[in-house]
Amino acid sequence: MDFRSSEQALGPRSEDVLPETTTAAVKVVIVGGFGVGKTTLVGAVSEIRPLTTEETMTQAGVGVDDTHGVERKTSTTVAMDFGRISINEELVLYLFGTPGQQRFWFLWRGLFEGALGAVVLVDTRRLEVSFDVIGRLEEWRVPFVVAVNSFPDAPPYPIEEIRGALDLPASVPIVECDARLRGSSRDVLMALMRYLQSLAVSSAAIEAS
Amino acid sequence: MNKAGDWEDSSPERLYVITGGRSGASVPAALDLVTLIVAKSGPRHGMQPEQAAIIRLCQAPLSVAEISAYLSLPVSVVTVLLSDLLIDKQVMARAPVQPALLPDRALIEAVIDGLQKL
């Protein structure tokens with residue numbers, strides 16, 4: 001991108017500097033279609049102003065009518081917004097909002113690797129954009145919850161209808177949220193953590209039996 | 001057309017120069033988006049400007065993703081720069097917590113406690 005915000009270029013504001021005691025980081029990935037509110041959700045809970053990391057897709061202009069000898073390669077920049085929550089003096093949680101199309105995921109190698117889990121943010125007006133994402137997360141065994149961002153003009157659907165439309169098992173939590181509100185977005189993350197907790201508990205129960 | 005020396009910041013040519021033509025492929029797999037990087041000292045004289053910038057940013061722990069954001073460089077470029085700094089022992093990496101196939105209960109409880117304070 002040609003335009004750089006000078007704010008971002010300066011480095012963290014003094015109040016955003018992590019304490020020296022911070023030794024570990026964990027991440028949660030927020031996945032959803034364009035305009036579904038990923039950045040809004042990240043911004044609502046993040047302690048830092050959401051930042052943008054970029055990755056460059058380079059194409060050597062295959063099939064392009066380059067007849068001028070040395071041509072510039074075309075490069076496409078894809079952006080991913082993220083935020084941060086300090087959990088305690090040692091632990092920090094990062095939230096990455098990534099587009100639903102899996103072709104973007106490979107740009108950030110290991111985005112889902114080691115993630116605690118994912119939140120699939122959906123808009124009831126465009127549920128179909130989430131099918132692919134959900135299938136991929138299931139395949140990769142990334143635990144996830146579904147959060148329905150309640151847009152004012154979106155028709156309300158009963159949760160079970162959404163579950164049916166997304167073909168989700170009863171065990172996967174579906175929560176409603178307003179991604180603009182900190183408390184509501186926090187509750188989405190909390191729902192994911194409670195779900196992870198239940199997975200840990202049930203696996204322990206299986207081991208014990 | 002751009003004049004010579006007037007590259008777009010994200011142009012492949014500029015990124016090629018910064019990394020000495022290397023891609024992220026040779027980078028140690030240990031660097032994650034949320035690996036925390038801490039500088040061991042201040043920037044050294046004669047250091048590549050981008051590396052000096054990383055050293056300045058990492059006087060306190062900072063994730064690879066944040067370094068990428070503040071320097072407006074792709075993560076793949078930042079990891080190349082960081083792997084050089086790691087080899088030279090200019091920076092230290094604090095590896096992210098890698099949850100096993102199943103989440104660690106104590107870790108999840110810590111996150112829940114932290115979120116409750118939000």
# chains A, B, ... in the order shown; residues from 1 in each chain; ligands from 1
call {"tool": "residues_around", "arguments": {"residues": "Ile85 (chain A)", "least_positions_apart": "6", "cutoff": "9 Å", "atoms": "only C-alpha atoms", "output": "PDB file with C-alpha atoms, in the first residue's frame"}}
result
ATOM      1  CA  VAL A  45     -12.097  -5.763  22.678  1.00  0.00           C
ATOM      2  CA  SER A  46      -8.530  -4.859  21.755  1.00  0.00           C
ATOM      3  CA  GLU A  47      -6.454  -2.822  24.192  1.00  0.00           C
ATOM      4  CA  ILE A  48      -4.481  -1.407  21.274  1.00  0.00           C
ATOM      5  CA  VAL A  92      -1.073 -11.878  26.077  1.00  0.00           C
ATOM      6  CA  LEU A  93      -3.880 -12.834  23.680  1.00  0.00           C
ATOM      7  CA  TYR A  94      -3.816 -11.779  20.027  1.00  0.00           C
ATOM      8  CA  LEU A  95      -6.943 -11.680  17.871  1.00  0.00           C
TER       9      LEU A  95
ATOM     10  CA  GLY B 114      -8.253 -12.120  31.991  1.00  0.00           C
ATOM     11  CA  LEU B 115     -11.324 -11.643  29.804  1.00  0.00           C
ATOM     12  CA  LEU B 118     -12.158  -6.483  30.457  1.00  0.00           C
TER      13      LEU B 118
END
call {"tool": "residues_around", "arguments": {"residues": "region 57-67 of chain B", "least_positions_apart": "6", "cutoff": "8 Å", "atoms": "only C-alpha atoms", "output": "list in words"}}
result
Gly11, Pro12, Val17, Leu18, Pro19, Glu20, Thr22, Leu51 and Thr53 of chain A; Leu31, Asp32, Leu33, Val34, Thr35, Leu36, Ile37, Val38, Ala39, Lys40, Ser41, Gly42, Val75, Val78 and Thr79 of chain B
call {"tool": "closest_residue", "arguments": {"among": "A:Gly183, A:Leu127, A:Glu54, A:Cys177", "to": "Gly164 (chain A)", "atoms": "only C-alpha atoms"}}
result
A:Leu127
call {"tool": "residues_around", "arguments": {"residues": "Gln197 (chain A)", "least_positions_apart": "5", "cutoff": "10 Å", "atoms": "only C-alpha atoms", "output": "count of residues only"}}
result
13
call {"tool": "residues_around", "arguments": {"residues": "region 28-30 of chain A", "least_positions_apart": "2", "cutoff": "8 Å", "atoms": "only C-alpha atoms", "output": "MDAnalysis selection string"}}
result
chainID A and resid 26 32 38 93:98 111:112 115:121
call {"tool": "select_by_dssp", "arguments": {"residues": "region 15-116 of chain B", "states": "helix (DSSP H, G or I)", "output": "PyMOL selection string"}}
result
chain B and resi 15-19+24-26+49-57+64-71+75-87+105-116
call {"tool": "write_last_selection", "arguments": {"atoms": "N, CA and C atoms", "output": "compact mmCIF listing (two decimals), in the first residue's frame"}}
result
# COMPACT_ATOMS: atom_id res chain seq x y z
N LEU B 15 11.26 -5.21 -1.59
CA LEU B 15 11.27 -6.32 -0.63
C LEU B 15 12.43 -7.27 -0.94
N TYR B 16 12.73 -7.41 -2.22
CA TYR B 16 13.83 -8.27 -2.65
C TYR B 16 15.14 -7.73 -2.09
N VAL B 17 15.32 -6.44 -2.15
CA VAL B 17 16.55 -5.83 -1.67
C VAL B 17 16.66 -5.98 -0.15
N ILE B 18 15.56 -5.74 0.55
CA ILE B 18 15.59 -5.79 2.01
C ILE B 18 16.00 -7.18 2.51
N THR B 19 15.50 -8.21 1.84
CA THR B 19 15.77 -9.57 2.32
C THR B 19 16.97 -10.20 1.63
N GLY B 24 10.63 -16.40 2.58
CA GLY B 24 10.37 -16.93 3.91
C GLY B 24 10.65 -18.42 4.05
N ALA B 25 10.92 -19.09 2.91
CA ALA B 25 11.01 -20.55 2.96
C ALA B 25 12.14 -21.06 3.85
N SER B 26 13.23 -20.28 3.93
CA SER B 26 14.38 -20.76 4.69
C SER B 26 14.31 -20.37 6.17
N PRO B 49 18.92 -0.62 7.96
CA PRO B 49 17.91 0.23 8.62
C PRO B 49 16.69 -0.54 9.13
N GLU B 50 16.23 -1.51 8.36
CA GLU B 50 15.05 -2.27 8.79
C GLU B 50 15.36 -3.10 10.03
N GLN B 51 16.57 -3.63 10.09
CA GLN B 51 16.93 -4.41 11.27
C GLN B 51 17.10 -3.50 12.49
N ALA B 52 17.69 -2.33 12.26
CA ALA B 52 17.83 -1.36 13.35
C ALA B 52 16.45 -0.95 13.86
N ALA B 53 15.50 -0.83 12.94
CA ALA B 53 14.13 -0.45 13.33
C ALA B 53 13.50 -1.55 14.18
N ILE B 54 13.78 -2.80 13.83
CA ILE B 54 13.25 -3.91 14.63
C ILE B 54 13.83 -3.86 16.04
N ILE B 55 15.14 -3.63 16.11
CA ILE B 55 15.80 -3.57 17.42
C ILE B 55 15.18 -2.45 18.27
N ARG B 56 14.93 -1.32 17.63
CA ARG B 56 14.34 -0.19 18.39
C ARG B 56 12.93 -0.53 18.87
N LEU B 57 12.17 -1.18 18.01
CA LEU B 57 10.79 -1.54 18.38
C LEU B 57 10.76 -2.55 19.50
N VAL B 64 5.69 -10.76 16.35
CA VAL B 64 6.08 -10.68 14.93
C VAL B 64 5.02 -9.90 14.14
N ALA B 65 3.74 -10.16 14.44
CA ALA B 65 2.66 -9.46 13.73
C ALA B 65 2.74 -7.95 13.97
N GLU B 66 3.02 -7.54 15.20
CA GLU B 66 3.11 -6.11 15.49
C GLU B 66 4.32 -5.47 14.80
N ILE B 67 5.44 -6.19 14.78
CA ILE B 67 6.62 -5.66 14.08
C ILE B 67 6.27 -5.42 12.62
N SER B 68 5.60 -6.41 12.02
CA SER B 68 5.19 -6.28 10.62
C SER B 68 4.30 -5.06 10.43
N ALA B 69 3.36 -4.87 11.35
CA ALA B 69 2.42 -3.75 11.23
C ALA B 69 3.13 -2.40 11.37
N TYR B 70 3.98 -2.29 12.39
CA TYR B 70 4.63 -1.00 12.63
C TYR B 70 5.64 -0.65 11.54
N LEU B 71 6.28 -1.67 10.97
CA LEU B 71 7.26 -1.39 9.92
C LEU B 71 6.63 -1.40 8.53
N VAL B 75 4.87 -9.99 6.72
CA VAL B 75 5.37 -10.90 7.76
C VAL B 75 6.50 -11.77 7.21
N SER B 76 6.38 -12.19 5.95
CA SER B 76 7.42 -13.06 5.38
C SER B 76 8.76 -12.34 5.32
N VAL B 77 8.75 -11.04 5.09
CA VAL B 77 9.99 -10.26 5.07
C VAL B 77 10.52 -10.08 6.48
N VAL B 78 9.62 -9.77 7.40
CA VAL B 78 10.03 -9.57 8.79
C VAL B 78 10.67 -10.85 9.35
N THR B 79 10.13 -12.01 9.00
CA THR B 79 10.70 -13.25 9.55
C THR B 79 12.10 -13.50 9.00
N VAL B 80 12.36 -13.10 7.76
CA VAL B 80 13.72 -13.23 7.22
C VAL B 80 14.68 -12.34 8.02
N LEU B 81 14.26 -11.09 8.23
CA LEU B 81 15.10 -10.16 8.98
C LEU B 81 15.33 -10.66 10.41
N LEU B 82 14.26 -11.19 11.00
CA LEU B 82 14.36 -11.67 12.38
C LEU B 82 15.26 -12.89 12.49
N SER B 83 15.22 -13.77 11.49
CA SER B 83 16.04 -14.96 11.61
C SER B 83 17.52 -14.58 11.60
N ASP B 84 17.89 -13.55 10.83
CA ASP B 84 19.27 -13.06 10.86
C ASP B 84 19.61 -12.51 12.24
N LEU B 85 18.69 -11.72 12.80
CA LEU B 85 18.93 -11.12 14.11
C LEU B 85 19.01 -12.20 15.19
N LEU B 86 18.23 -13.26 15.01
CA LEU B 86 18.26 -14.37 15.98
C LEU B 86 19.60 -15.10 15.90
N ILE B 87 20.06 -15.34 14.68
CA ILE B 87 21.34 -16.02 14.50
C ILE B 87 22.47 -15.19 15.10
N ARG B 105 -6.09 -26.84 30.26
CA ARG B 105 -7.15 -26.26 31.08
C ARG B 105 -6.69 -25.03 31.88
N ALA B 106 -5.47 -25.11 32.40
CA ALA B 106 -4.96 -23.98 33.20
C ALA B 106 -4.83 -22.73 32.31
N LEU B 107 -4.39 -22.95 31.09
CA LEU B 107 -4.23 -21.84 30.15
C LEU B 107 -5.58 -21.20 29.84
N ILE B 108 -6.56 -22.04 29.55
CA ILE B 108 -7.90 -21.53 29.23
C ILE B 108 -8.48 -20.78 30.43
N GLU B 109 -8.26 -21.32 31.62
CA GLU B 109 -8.78 -20.64 32.81
C GLU B 109 -8.13 -19.28 33.00
N ALA B 110 -6.84 -19.20 32.71
CA ALA B 110 -6.15 -17.91 32.82
C ALA B 110 -6.74 -16.91 31.83
N VAL B 111 -7.04 -17.37 30.62
CA VAL B 111 -7.61 -16.47 29.61
C VAL B 111 -9.01 -16.02 30.05
N ILE B 112 -9.79 -16.94 30.60
CA ILE B 112 -11.13 -16.59 31.09
C ILE B 112 -11.04 -15.52 32.18
N ASP B 113 -10.12 -15.72 33.11
CA ASP B 113 -9.92 -14.72 34.18
C ASP B 113 -9.57 -13.36 33.60
N GLY B 114 -8.68 -13.37 32.62
CA GLY B 114 -8.25 -12.12 31.99
C GLY B 114 -9.39 -11.43 31.27
N LEU B 115 -10.21 -12.22 30.56
CA LEU B 115 -11.32 -11.64 29.80
C LEU B 115 -12.38 -11.07 30.75
N GLN B 116 -12.53 -11.71 31.89
CA GLN B 116 -13.54 -11.22 32.84
C GLN B 116 -13.20 -9.82 33.34
call {"tool": "select_by_dssp", "arguments": {"residues": "region 20-204 of chain A", "states": "strand (DSSP E or B)", "output": "PyMOL selection string"}}
result
chain A and resi 24-32+51-59+74-86+91-99+117-122+144-149+174-177
call {"tool": "closest_residue", "arguments": {"among": "A:Met57, A:Leu91, A:Val172, A:Ile159", "to": "Pro143 (chain A)", "atoms": "only C-alpha atoms"}}
result
A:Val172
call {"tool": "closest_residue", "arguments": {"among": "A:Asn88, A:Ser150, A:Ser171, A:Thr21", "to": "Thr124 (chain A)", "atoms": "only C-alpha atoms"}}
result
A:Ser150
call {"tool": "atom_distance", "arguments": {"atom1": "CA of Leu168 (chain A)", "atom2": "CA of Gly43 (chain A)"}}
result
27.7 Å
call {"tool": "closest_residue", "arguments": {"among": "A:Gly33, A:Pro155, A:Gly114, A:Pro169", "to": "chain B", "atoms": "only C-alpha atoms"}}
result
A:Gly114
call {"tool": "decode", "arguments": {"residues": "region 27-54 of chain B", "atoms": "N, CA and C atoms", "output": "mmCIF file, in the first residue's frame"}}
result
data_model
loop_
_atom_site.group_PDB
_atom_site.id
_atom_site.type_symbol
_atom_site.label_atom_id
_atom_site.label_comp_id
_atom_site.auth_asym_id
_atom_site.auth_seq_id
_atom_site.Cartn_x
_atom_site.Cartn_y
_atom_site.Cartn_z
ATOM 1 N N VAL B 27 13.209 -19.723 6.531
ATOM 2 C CA VAL B 27 13.086 -19.191 7.890
ATOM 3 C C VAL B 27 12.754 -20.324 8.861
ATOM 4 N N PRO B 28 13.352 -20.281 10.047
ATOM 5 C CA PRO B 28 13.000 -21.315 11.010
ATOM 6 C C PRO B 28 11.497 -21.330 11.257
ATOM 7 N N ALA B 29 10.939 -22.507 11.246
ATOM 8 C CA ALA B 29 9.490 -22.630 11.395
ATOM 9 C C ALA B 29 9.027 -22.139 12.763
ATOM 10 N N ALA B 30 9.963 -21.930 13.669
ATOM 11 C CA ALA B 30 9.602 -21.556 15.031
ATOM 12 C C ALA B 30 8.986 -20.163 15.120
ATOM 13 N N LEU B 31 9.162 -19.329 14.106
ATOM 14 C CA LEU B 31 8.621 -17.969 14.191
ATOM 15 C C LEU B 31 7.155 -17.959 13.798
ATOM 16 N N ASP B 32 6.334 -17.647 14.766
ATOM 17 C CA ASP B 32 4.887 -17.581 14.569
ATOM 18 C C ASP B 32 4.498 -16.109 14.540
ATOM 19 N N LEU B 33 3.278 -15.825 14.090
ATOM 20 C CA LEU B 33 2.783 -14.446 14.126
ATOM 21 C C LEU B 33 2.828 -13.879 15.540
ATOM 22 N N VAL B 34 2.670 -14.751 16.526
ATOM 23 C CA VAL B 34 2.616 -14.250 17.912
ATOM 24 C C VAL B 34 3.859 -14.629 18.715
ATOM 25 N N THR B 35 4.933 -15.002 18.024
ATOM 26 C CA THR B 35 6.199 -15.149 18.743
ATOM 27 C C THR B 35 6.607 -13.764 19.236
ATOM 28 N N LEU B 36 6.947 -13.669 20.517
ATOM 29 C CA LEU B 36 7.350 -12.373 21.067
ATOM 30 C C LEU B 36 8.856 -12.200 20.893
ATOM 31 N N ILE B 37 9.229 -11.040 20.375
ATOM 32 C CA ILE B 37 10.633 -10.759 20.103
ATOM 33 C C ILE B 37 11.108 -9.676 21.082
ATOM 34 N N VAL B 38 12.265 -9.901 21.685
ATOM 35 C CA VAL B 38 12.853 -8.910 22.587
ATOM 36 C C VAL B 38 14.300 -8.669 22.157
ATOM 37 N N ALA B 39 14.671 -7.409 22.026
ATOM 38 C CA ALA B 39 16.052 -7.074 21.658
ATOM 39 C C ALA B 39 16.956 -7.271 22.856
ATOM 40 N N LYS B 40 18.184 -7.679 22.570
ATOM 41 C CA LYS B 40 19.137 -7.885 23.667
ATOM 42 C C LYS B 40 19.928 -6.620 23.961
ATOM 43 N N SER B 41 19.974 -5.722 22.979
ATOM 44 C CA SER B 41 20.702 -4.468 23.199
ATOM 45 C C SER B 41 20.125 -3.431 22.245
ATOM 46 N N GLY B 42 20.789 -2.301 22.113
ATOM 47 C CA GLY B 42 20.329 -1.273 21.186
ATOM 48 C C GLY B 42 20.798 -1.577 19.779
ATOM 49 N N PRO B 43 20.322 -0.788 18.787
ATOM 50 C CA PRO B 43 20.776 -1.015 17.413
ATOM 51 C C PRO B 43 22.280 -0.740 17.278
ATOM 52 N N ARG B 44 22.933 -1.533 16.443
ATOM 53 C CA ARG B 44 24.372 -1.357 16.238
ATOM 54 C C ARG B 44 24.631 -0.457 15.051
ATOM 55 N N HIS B 45 25.749 0.210 15.092
ATOM 56 C CA HIS B 45 26.149 1.071 13.989
ATOM 57 C C HIS B 45 26.347 0.228 12.729
ATOM 58 N N GLY B 46 25.858 0.714 11.627
ATOM 59 C CA GLY B 46 26.058 0.010 10.367
ATOM 60 C C GLY B 46 25.051 -1.090 10.098
ATOM 61 N N MET B 47 24.089 -1.220 10.979
ATOM 62 C CA MET B 47 23.044 -2.222 10.784
ATOM 63 C C MET B 47 22.126 -1.798 9.643
ATOM 64 N N GLN B 48 21.567 -2.767 8.961
ATOM 65 C CA GLN B 48 20.565 -2.466 7.936
ATOM 66 C C GLN B 48 19.417 -1.686 8.593
ATOM 67 N N PRO B 49 18.918 -0.625 7.962
ATOM 68 C CA PRO B 49 17.908 0.229 8.616
ATOM 69 C C PRO B 49 16.688 -0.541 9.132
ATOM 70 N N GLU B 50 16.228 -1.511 8.358
ATOM 71 C CA GLU B 50 15.050 -2.272 8.788
ATOM 72 C C GLU B 50 15.356 -3.096 10.033
ATOM 73 N N GLN B 51 16.571 -3.625 10.091
ATOM 74 C CA GLN B 51 16.935 -4.409 11.274
ATOM 75 C C GLN B 51 17.103 -3.498 12.486
ATOM 76 N N ALA B 52 17.693 -2.327 12.261
ATOM 77 C CA ALA B 52 17.829 -1.360 13.354
ATOM 78 C C ALA B 52 16.448 -0.955 13.862
ATOM 79 N N ALA B 53 15.503 -0.825 12.938
ATOM 80 C CA ALA B 53 14.135 -0.449 13.325
ATOM 81 C C ALA B 53 13.503 -1.547 14.181
ATOM 82 N N ILE B 54 13.777 -2.796 13.829
ATOM 83 C CA ILE B 54 13.246 -3.906 14.629
ATOM 84 C C ILE B 54 13.832 -3.856 16.036
#
